[in-house]
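S.K.: Contents of target.cif (mmCIF, C-alpha atoms and all ligand atoms):
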data_work
loop_
_atom_site.label_atom_id
_atom_site.label_comp_id
_atom_site.auth_asym_id
_atom_site.auth_seq_id
_atom_site.Cartn_x
_atom_site.Cartn_y
_atom_site.Cartn_z
CA MET V 1 74.10 145.88 259.61
CA SER V 2 73.61 142.19 260.03
CA CYS V 3 71.92 139.47 257.99
CA ASP V 4 68.64 140.62 256.63
CA LEU V 5 66.64 137.47 255.94
CA PRO V 6 63.98 135.99 258.22
CA LEU V 7 65.23 133.14 260.34
CA THR V 8 64.01 129.86 261.61
CA PRO V 9 63.81 130.09 265.40
CA THR V 10 65.53 126.75 265.99
CA LEU V 11 68.29 125.66 268.33
CA SER V 12 71.29 127.87 268.04
CA PRO V 13 74.85 126.56 268.24
CA GLN V 14 75.55 128.97 271.05
CA ALA V 15 79.25 129.32 271.54
CA GLY V 16 79.18 132.54 273.55
CA ARG V 17 82.29 134.63 273.96
CA GLY V 18 84.54 132.69 271.73
CA SER V 19 84.11 129.21 273.15
CA GLU V 20 82.99 126.68 270.55
CA GLN V 21 83.81 123.76 272.81
CA ASN V 22 80.52 123.46 274.54
CA PRO V 23 77.68 124.55 272.31
CA SER V 24 74.24 124.15 273.81
CA PRO V 25 70.67 125.14 273.00
CA ARG V 26 69.98 128.77 273.78
CA ALA V 27 68.19 129.45 277.04
CA SER V 28 64.87 131.25 276.87
CA GLY V 29 66.21 134.24 278.86
CA GLU V 30 68.79 134.78 276.18
CA ARG V 31 66.13 134.72 273.48
CA GLU V 32 64.19 137.33 275.45
CA GLY V 33 67.35 139.42 275.66
CA ALA V 34 67.84 139.18 271.94
CA ALA V 35 64.18 140.06 271.34
CA GLN V 36 64.60 143.10 273.56
CA ARG V 37 67.68 144.15 271.56
CA GLU V 38 65.62 143.91 268.38
CA GLY V 39 62.72 145.73 270.00
CA GLU V 40 65.10 148.56 270.74
CA GLY V 41 66.07 148.66 267.07
CA GLN V 42 69.60 147.41 267.64
CA ARG V 43 70.87 144.91 265.13
CA PRO V 44 73.59 142.66 266.43
CA PHE V 45 77.11 143.49 265.32
CA VAL V 46 78.34 140.84 262.87
CA VAL V 47 81.86 139.94 261.79
CA ALA V 48 82.30 137.59 258.80
CA ILE V 49 85.61 135.78 258.32
CA ASP V 50 86.30 133.70 255.25
CA GLY V 51 89.34 131.96 253.86
CA PRO V 52 90.76 128.69 252.60
CA ALA V 53 91.58 125.67 254.78
CA ALA V 54 94.24 126.17 257.45
CA SER V 55 94.55 129.90 256.81
CA GLY V 56 94.22 130.64 260.54
CA LYS V 57 90.71 132.10 260.34
CA GLY V 58 89.38 129.86 263.13
CA THR V 59 92.03 130.89 265.64
CA LEU V 60 91.60 134.52 264.64
CA ALA V 61 87.80 134.29 265.02
CA ARG V 62 88.12 132.80 268.51
CA ARG V 63 90.54 135.51 269.63
CA LEU V 64 88.39 138.31 268.20
CA ALA V 65 85.30 136.82 269.85
CA GLU V 66 87.03 136.89 273.20
CA ARG V 67 88.46 140.40 272.76
CA PHE V 68 85.16 141.97 271.66
CA GLY V 69 82.59 139.85 273.53
CA LEU V 70 81.15 138.24 270.41
CA ALA V 71 79.56 134.80 270.13
CA HIS V 72 81.55 132.63 267.72
CA LEU V 73 80.30 130.06 265.23
CA ASP V 74 82.79 127.89 263.33
CA THR V 75 80.56 127.13 260.34
CA GLY V 76 83.02 124.53 259.04
CA ALA V 77 81.97 122.43 262.04
CA LEU V 78 78.42 122.29 260.63
CA TYR V 79 79.72 120.78 257.38
CA ARG V 80 82.06 118.50 259.32
CA ALA V 81 79.14 117.35 261.51
CA THR V 82 77.08 116.64 258.38
CA ALA V 83 79.96 114.61 256.96
CA LEU V 84 80.42 112.71 260.21
CA LEU V 85 76.75 111.74 260.30
CA VAL V 86 77.01 110.42 256.73
CA LEU V 87 80.21 108.49 257.45
CA ASP V 88 78.78 107.05 260.69
CA ALA V 89 75.85 105.71 258.68
CA ALA V 90 78.32 104.20 256.17
CA GLY V 91 76.90 106.55 253.52
CA ASP V 92 78.55 108.31 250.58
CA PRO V 93 79.32 112.01 251.29
CA ALA V 94 78.85 112.77 247.59
CA ASN V 95 75.29 111.42 247.63
CA PRO V 96 72.90 114.41 247.78
CA VAL V 97 70.07 112.54 249.51
CA ALA V 98 72.29 111.07 252.24
CA ALA V 99 74.07 114.40 252.74
CA GLU V 100 70.92 116.52 252.90
CA THR V 101 69.30 114.10 255.36
CA ALA V 102 72.39 114.36 257.56
CA ALA V 103 72.50 118.17 257.30
CA ARG V 104 68.92 118.35 258.56
CA ARG V 105 69.93 116.26 261.57
CA VAL V 106 72.87 118.48 262.57
CA ASP V 107 72.45 119.40 266.17
CA PRO V 108 74.57 122.03 267.94
CA ARG V 109 75.64 119.40 270.48
CA LEU V 110 77.46 117.53 267.70
CA LEU V 111 79.80 120.47 267.17
CA ALA V 112 81.88 119.53 270.20
CA ASP V 113 82.61 115.99 268.95
CA PRO V 114 86.43 115.62 268.70
CA ARG V 115 86.02 113.29 265.72
CA LEU V 116 85.06 116.34 263.64
CA ARG V 117 88.76 117.27 263.46
CA ALA V 118 89.84 114.08 261.63
CA ASP V 119 91.26 114.51 258.12
CA ALA V 120 88.80 112.03 256.66
CA VAL V 121 85.95 114.11 258.05
CA ALA V 122 87.46 117.33 256.62
CA SER V 123 87.64 115.72 253.18
CA ALA V 124 84.09 114.41 253.40
CA ALA V 125 83.00 117.87 254.65
CA SER V 126 84.23 119.49 251.47
CA MET V 127 82.21 116.92 249.48
CA VAL V 128 78.92 117.47 251.32
CA ALA V 129 79.58 121.22 251.18
CA ALA V 130 79.43 121.12 247.39
CA ILE V 131 75.81 119.93 247.48
CA PRO V 132 73.36 122.88 247.21
CA GLU V 133 70.66 121.13 249.31
CA VAL V 134 73.16 120.77 252.17
CA ARG V 135 74.09 124.44 252.02
CA ARG V 136 70.42 125.41 252.04
CA ALA V 137 69.72 123.12 255.00
CA LEU V 138 72.50 124.75 257.05
CA LEU V 139 71.82 128.35 256.04
CA GLY V 140 69.00 129.04 258.51
CA LEU V 141 71.06 127.85 261.45
CA GLN V 142 73.94 130.16 260.52
CA ARG V 143 71.76 133.19 259.93
CA ASP V 144 69.85 132.51 263.10
CA PHE V 145 73.12 132.55 265.01
CA ALA V 146 74.16 135.84 263.39
CA THR V 147 70.90 137.64 263.96
CA HIS V 148 70.12 136.19 267.39
CA PRO V 149 73.40 135.76 269.24
CA PRO V 150 73.07 135.08 272.98
CA ALA V 151 72.01 138.22 274.83
CA SER V 152 75.26 138.12 276.82
CA ALA V 153 77.20 138.70 273.58
CA ARG V 154 77.61 142.02 271.81
CA GLY V 155 77.14 140.33 268.45
CA ALA V 156 78.36 137.39 266.45
CA ILE V 157 81.40 136.29 264.54
CA LEU V 158 81.14 133.52 261.97
CA ASP V 159 84.01 131.94 260.08
CA GLY V 160 83.80 129.83 256.94
CA ARG V 161 83.97 130.04 253.17
CA ASP V 162 80.88 132.01 252.13
CA ILE V 163 79.98 134.07 255.17
CA GLY V 164 80.66 137.52 253.70
CA ALA V 165 79.21 136.71 250.28
CA VAL V 166 76.20 134.49 251.08
CA VAL V 167 75.41 133.90 254.77
CA CYS V 168 75.86 137.46 256.06
CA PRO V 169 76.23 139.80 253.08
CA GLY V 170 75.37 142.73 255.35
CA ALA V 171 78.05 141.97 257.98
CA ASP V 172 79.62 145.00 259.65
CA VAL V 173 83.15 143.75 259.01
CA LYS V 174 84.31 141.21 256.44
CA LEU V 175 87.75 139.70 256.59
CA PHE V 176 89.30 137.32 254.08
CA ILE V 177 92.25 135.48 255.62
CA THR V 178 94.59 133.69 253.27
CA ALA V 179 98.16 132.36 252.95
CA SER V 180 100.17 130.38 250.42
CA THR V 181 99.30 126.69 250.20
CA GLU V 182 102.80 125.72 251.42
CA THR V 183 102.48 127.93 254.50
CA ARG V 184 99.03 126.59 255.28
CA ALA V 185 100.24 122.99 254.89
CA ALA V 186 103.19 123.62 257.22
CA ARG V 187 100.85 125.16 259.82
CA ARG V 188 98.43 122.24 259.57
CA VAL V 189 101.30 119.74 260.01
CA LYS V 190 102.48 121.58 263.13
CA GLU V 191 98.94 121.66 264.53
CA LEU V 192 98.41 117.92 263.87
CA ARG V 193 101.74 117.01 265.47
CA GLU V 194 100.97 119.16 268.50
CA HIS V 195 97.84 117.05 268.92
CA GLY V 196 99.93 113.88 268.74
CA ALA V 197 98.77 112.91 265.24
CA PRO V 198 101.37 111.71 262.73
CA ALA V 199 101.49 114.12 259.77
CA ILE V 200 103.47 113.95 256.55
CA TYR V 201 103.91 117.35 254.89
CA GLU V 202 103.46 116.05 251.31
CA ASN V 203 100.19 114.30 252.19
CA VAL V 204 98.81 117.35 254.00
CA LEU V 205 99.79 119.59 251.07
CA GLN V 206 98.05 117.30 248.61
CA ASP V 207 94.94 117.16 250.79
CA LEU V 208 94.84 120.98 251.01
CA ASN V 209 95.26 121.34 247.26
CA GLU V 210 92.39 118.94 246.65
CA ARG V 211 90.18 120.67 249.20
CA ASP V 212 91.04 124.14 247.81
CA ALA V 213 90.13 122.95 244.31
CA ARG V 214 86.79 121.55 245.51
CA ASP V 215 85.97 124.60 247.66
CA SER V 216 86.84 127.10 244.92
CA GLY V 217 85.56 125.15 241.94
CA ARG V 218 82.13 124.09 243.16
CA ARG V 219 79.06 125.75 241.73
CA ALA V 220 77.24 126.20 245.04
CA ALA V 221 78.70 129.09 247.07
CA PRO V 222 82.36 128.63 246.15
CA LEU V 223 85.07 130.18 248.32
CA THR V 224 84.82 133.85 247.34
CA VAL V 225 86.30 137.14 248.42
CA ALA V 226 83.35 139.43 249.10
CA HIS V 227 83.79 142.71 247.21
CA ASP V 228 83.90 144.68 250.46
CA ALA V 229 86.18 142.30 252.40
CA HIS V 230 89.53 143.28 253.89
CA ILE V 231 92.06 140.76 252.60
CA ILE V 232 94.84 139.75 254.98
CA ASP V 233 97.55 137.55 253.49
CA THR V 234 99.19 135.86 256.46
CA THR V 235 101.97 134.06 254.56
CA THR V 236 104.67 136.18 256.17
CA LEU V 237 102.75 137.46 259.20
CA ASP V 238 102.64 135.91 262.62
CA ALA V 239 99.32 135.30 264.34
CA ASP V 240 99.68 138.26 266.73
CA VAL V 241 100.23 140.74 263.90
CA VAL V 242 97.17 139.39 262.08
CA PHE V 243 95.17 139.64 265.29
CA GLU V 244 96.17 143.26 265.87
CA ARG V 245 95.28 144.24 262.29
CA ALA V 246 91.92 142.53 262.56
CA CYS V 247 91.29 144.12 265.97
CA ALA V 248 91.83 147.58 264.49
CA LEU V 249 89.28 146.90 261.74
CA VAL V 250 86.70 145.48 264.13
CA ALA V 251 87.19 148.27 266.67
CA ARG V 252 86.68 150.90 263.97
CA ALA V 253 83.49 149.25 262.72
CA LEU V 254 82.15 148.93 266.27
CA GLU V 255 82.80 152.59 266.91
CA GLU V 256 81.02 153.56 263.69
CA LYS V 257 78.06 151.38 264.58
CA GLU V 258 77.79 152.75 268.11
CA TRP V 259 78.06 156.26 266.74
CA GLN V 260 75.18 155.62 264.32
CA GLN V 261 72.86 154.32 267.05
O1 LIG V 301 89.44 124.19 259.42
P1 LIG V 301 89.50 124.07 257.94
O2 LIG V 301 89.72 125.38 257.28
O3 LIG V 301 90.41 122.98 257.48
O4 LIG V 301 88.09 123.55 257.45
P2 LIG V 301 86.67 123.96 257.99
O5 LIG V 301 86.54 125.43 258.07
O6 LIG V 301 86.38 123.18 259.23
O7 LIG V 301 85.69 123.46 256.80
C1 LIG V 301 85.61 122.11 256.39
C2 LIG V 301 85.00 122.11 254.99
O8 LIG V 301 83.65 122.59 255.08
C3 LIG V 301 85.68 123.02 253.98
O9 LIG V 301 86.69 122.37 253.23
C4 LIG V 301 84.55 123.50 253.09
O10 LIG V 301 84.37 122.65 252.00
C5 LIG V 301 83.32 123.40 253.95
N1 LIG V 301 82.80 124.71 254.40
C6 LIG V 301 81.98 125.40 253.52
O11 LIG V 301 81.76 124.97 252.41
N2 LIG V 301 81.40 126.57 253.89
C7 LIG V 301 81.63 127.07 255.12
N3 LIG V 301 81.02 128.22 255.47
C8 LIG V 301 82.50 126.41 256.00
C9 LIG V 301 83.09 125.23 255.61
#
Would you write out, as structure tokens, the structure that this file holds?
Ligand code: CDP

M.R.:
Amino acid sequence: MSCDLPLTPTLSPQAGRGSEQNPSPRASGEREGAAQREGEGQRPFVVAIDGPAASGKGTLARRLAERFGLAHLDTGALYRATALLVLDAAGDPANPVAAETAARRVDPRLLADPRLRADAVASAASMVAAIPEVRRALLGLQRDFATHPPASARGAILDGRDIGAVVCPGADVKLFITASTETRAARRVKELREHGAPAIYENVLQDLNERDARDSGRRAAPLTVAHDAHIIDTTTLDADVVFERACALVARALEEKEWQQ
């Protein structure tokens, strides 16, 4: 089953079929399609992927979305967008009032801003993410996406830190993707260099350690392994092996769901 709480019918960061590059407000026809799906008693199929920074969950989520026809939401982008709005206004990301105000202004169109990928924004994102009011402000948007994916999609896939435990506790499949800090730092360095950004391994490692500590140690929705999540440690696995394992889990859950309906 999918998320079970009522949702605010607001703009949805529609990323249909794995593309998060060009989110846009959902068209009314799609809402009708979703309403029809609900009218027929079909809950959308939901995949929740959680894991620490640079564990590869984003890439995995995009590939799964494409393989299974699921709409994908990178929930980290919502926290990054909140952080960017605070930084743009020369505010303090640790200030609850500034951060909550920014979170309420997050618009799906912001999610395509390339500045979201900057390290400074990632750091500020983990600060705003520790503020309970920010998490509450972004919860409706995430649940709305999960329960009302575009009609063209078979369901939704969300990746983040608290999807399986808080945002979508009823998700059909929960994956927890992890890897050693050193492996994650090396992957992040490679990714940054591929994008032409200078990256020093020691600095990236330190940044990841700090972010891990903040994400795991905060009181509001810390990074958690949901009790029913499949844990995949990717330290010694290449991305294709991880993808195939995840595909097998998703395919099995889809079959079970279709069989039940
Ligand atoms: O891509 P990466 O794993 O580096 O980070 P991200 O997924 O874009 O998330 C940026 C920050 O947002 C994280 O360090 C978390 O603090 C926060 N976040 C969160 O608290 N809950 C989520 N569901 C997603 C991200």

S.K.: Within 12 Å of Asp238 in chain V, counting only C-alpha atoms, which residues qualify if same-chain residues fewer than 3 places away don't, as a PyMOL selection string?

M.R.: chain V and resi 55-56+60+179+183+187+232-235+241-245

S.K.: Taking only C-alpha atoms and all ligand atoms and a cut-off of 6 Å, can you tell me which residues surround ligand LIG 301 (chain V), written as number ranges by chain?

M.R.: V: 52-54, 75-77, 79-80, 122, 125-126, 129, 160-163, 211, 215

S.K.: Return as AutoDock Vina command-line options the centre and edge lengths, in Å with one decimal, of the box along x, y and z that encloses every atom of range 107-117 of chain V in the file, padded by 3 Å per side.

M.R.:
--center_x 80.6 --center_y 117.7 --center_z 267.0 --size_x 22.3 --size_y 14.7 --size_z 13.0

S.K.: Select, from V:Ala118, V:Ala61, V:Val166, V:Ala130, the residue with the minimum atom-to-atom distance to Leu192 in chain V, counting all atoms listed in the file.

M.R.: V:Ala118

S.K.: Restricting the calculation to only C-alpha atoms, which member of V:Ala112, V:Ala165, V:Val134, V:Leu70 is positioned closest to Pro96 in chain V?

M.R.: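 That would be V:Val134, the residue with the smallest distance to Pro96 in chain V.
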
S.K.: My list of candidates is V:Val167, V:Leu208, V:Leu249, V:Ala151. Which is closest to Arg184 in chain V when distances are computed with only C-alpha atoms?

M.R.: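 Of V:Val167, V:Leu208, V:Leu249, V:Ala151, the one nearest Arg184 in chain V, counting only C-alpha atoms, is V:Leu208.
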
S.K.: Would you mind telling me which residue in V:Asp172, V:Glu210, V:Asp88, V:Glu182 lies nearest to Glu258 in chain V when using all atoms listed in the file?

M.R.: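 Using all atoms listed in the file, Glu258 in chain V sits closest to V:Asp172.
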
S.K.: What is the CA of Ile49 in chain V to CA of Asn203 in chain V distance in Å?

M.R.: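 Distance reported for this atom pair: 26.7 Å.
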
S.K.: When you draw a straight line from CA of Arg43 in chain V to CA of Arg67 in chain V, how long is it in Å?

M.R.: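 Result for CA of Arg43 in chain V versus CA of Arg67 in chain V: 19.7 Å, one decimal.
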
S.K.: What separation in Å, quoted to one decimal, exists between CA of Leu175 in chain V and CA of Asp240 in chain V?

M.R.: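 The value is 15.7 Å.
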
S.K.: So, with all atoms listed in the file as the atoms that count, which of V:Met127, V:Ser180, V:Asp159, V:Ile200 lies closest to Ala71 in chain V?

M.R.: V:Asp159

S.K.: Of the residues V:Pro150, V:Asp207, V:Ala124, V:Glu191, which is the one nearest to Thr59 in chain V, using all atoms listed in the file?

M.R.: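 Closest residue, counting all atoms listed in the file: V:Glu191.
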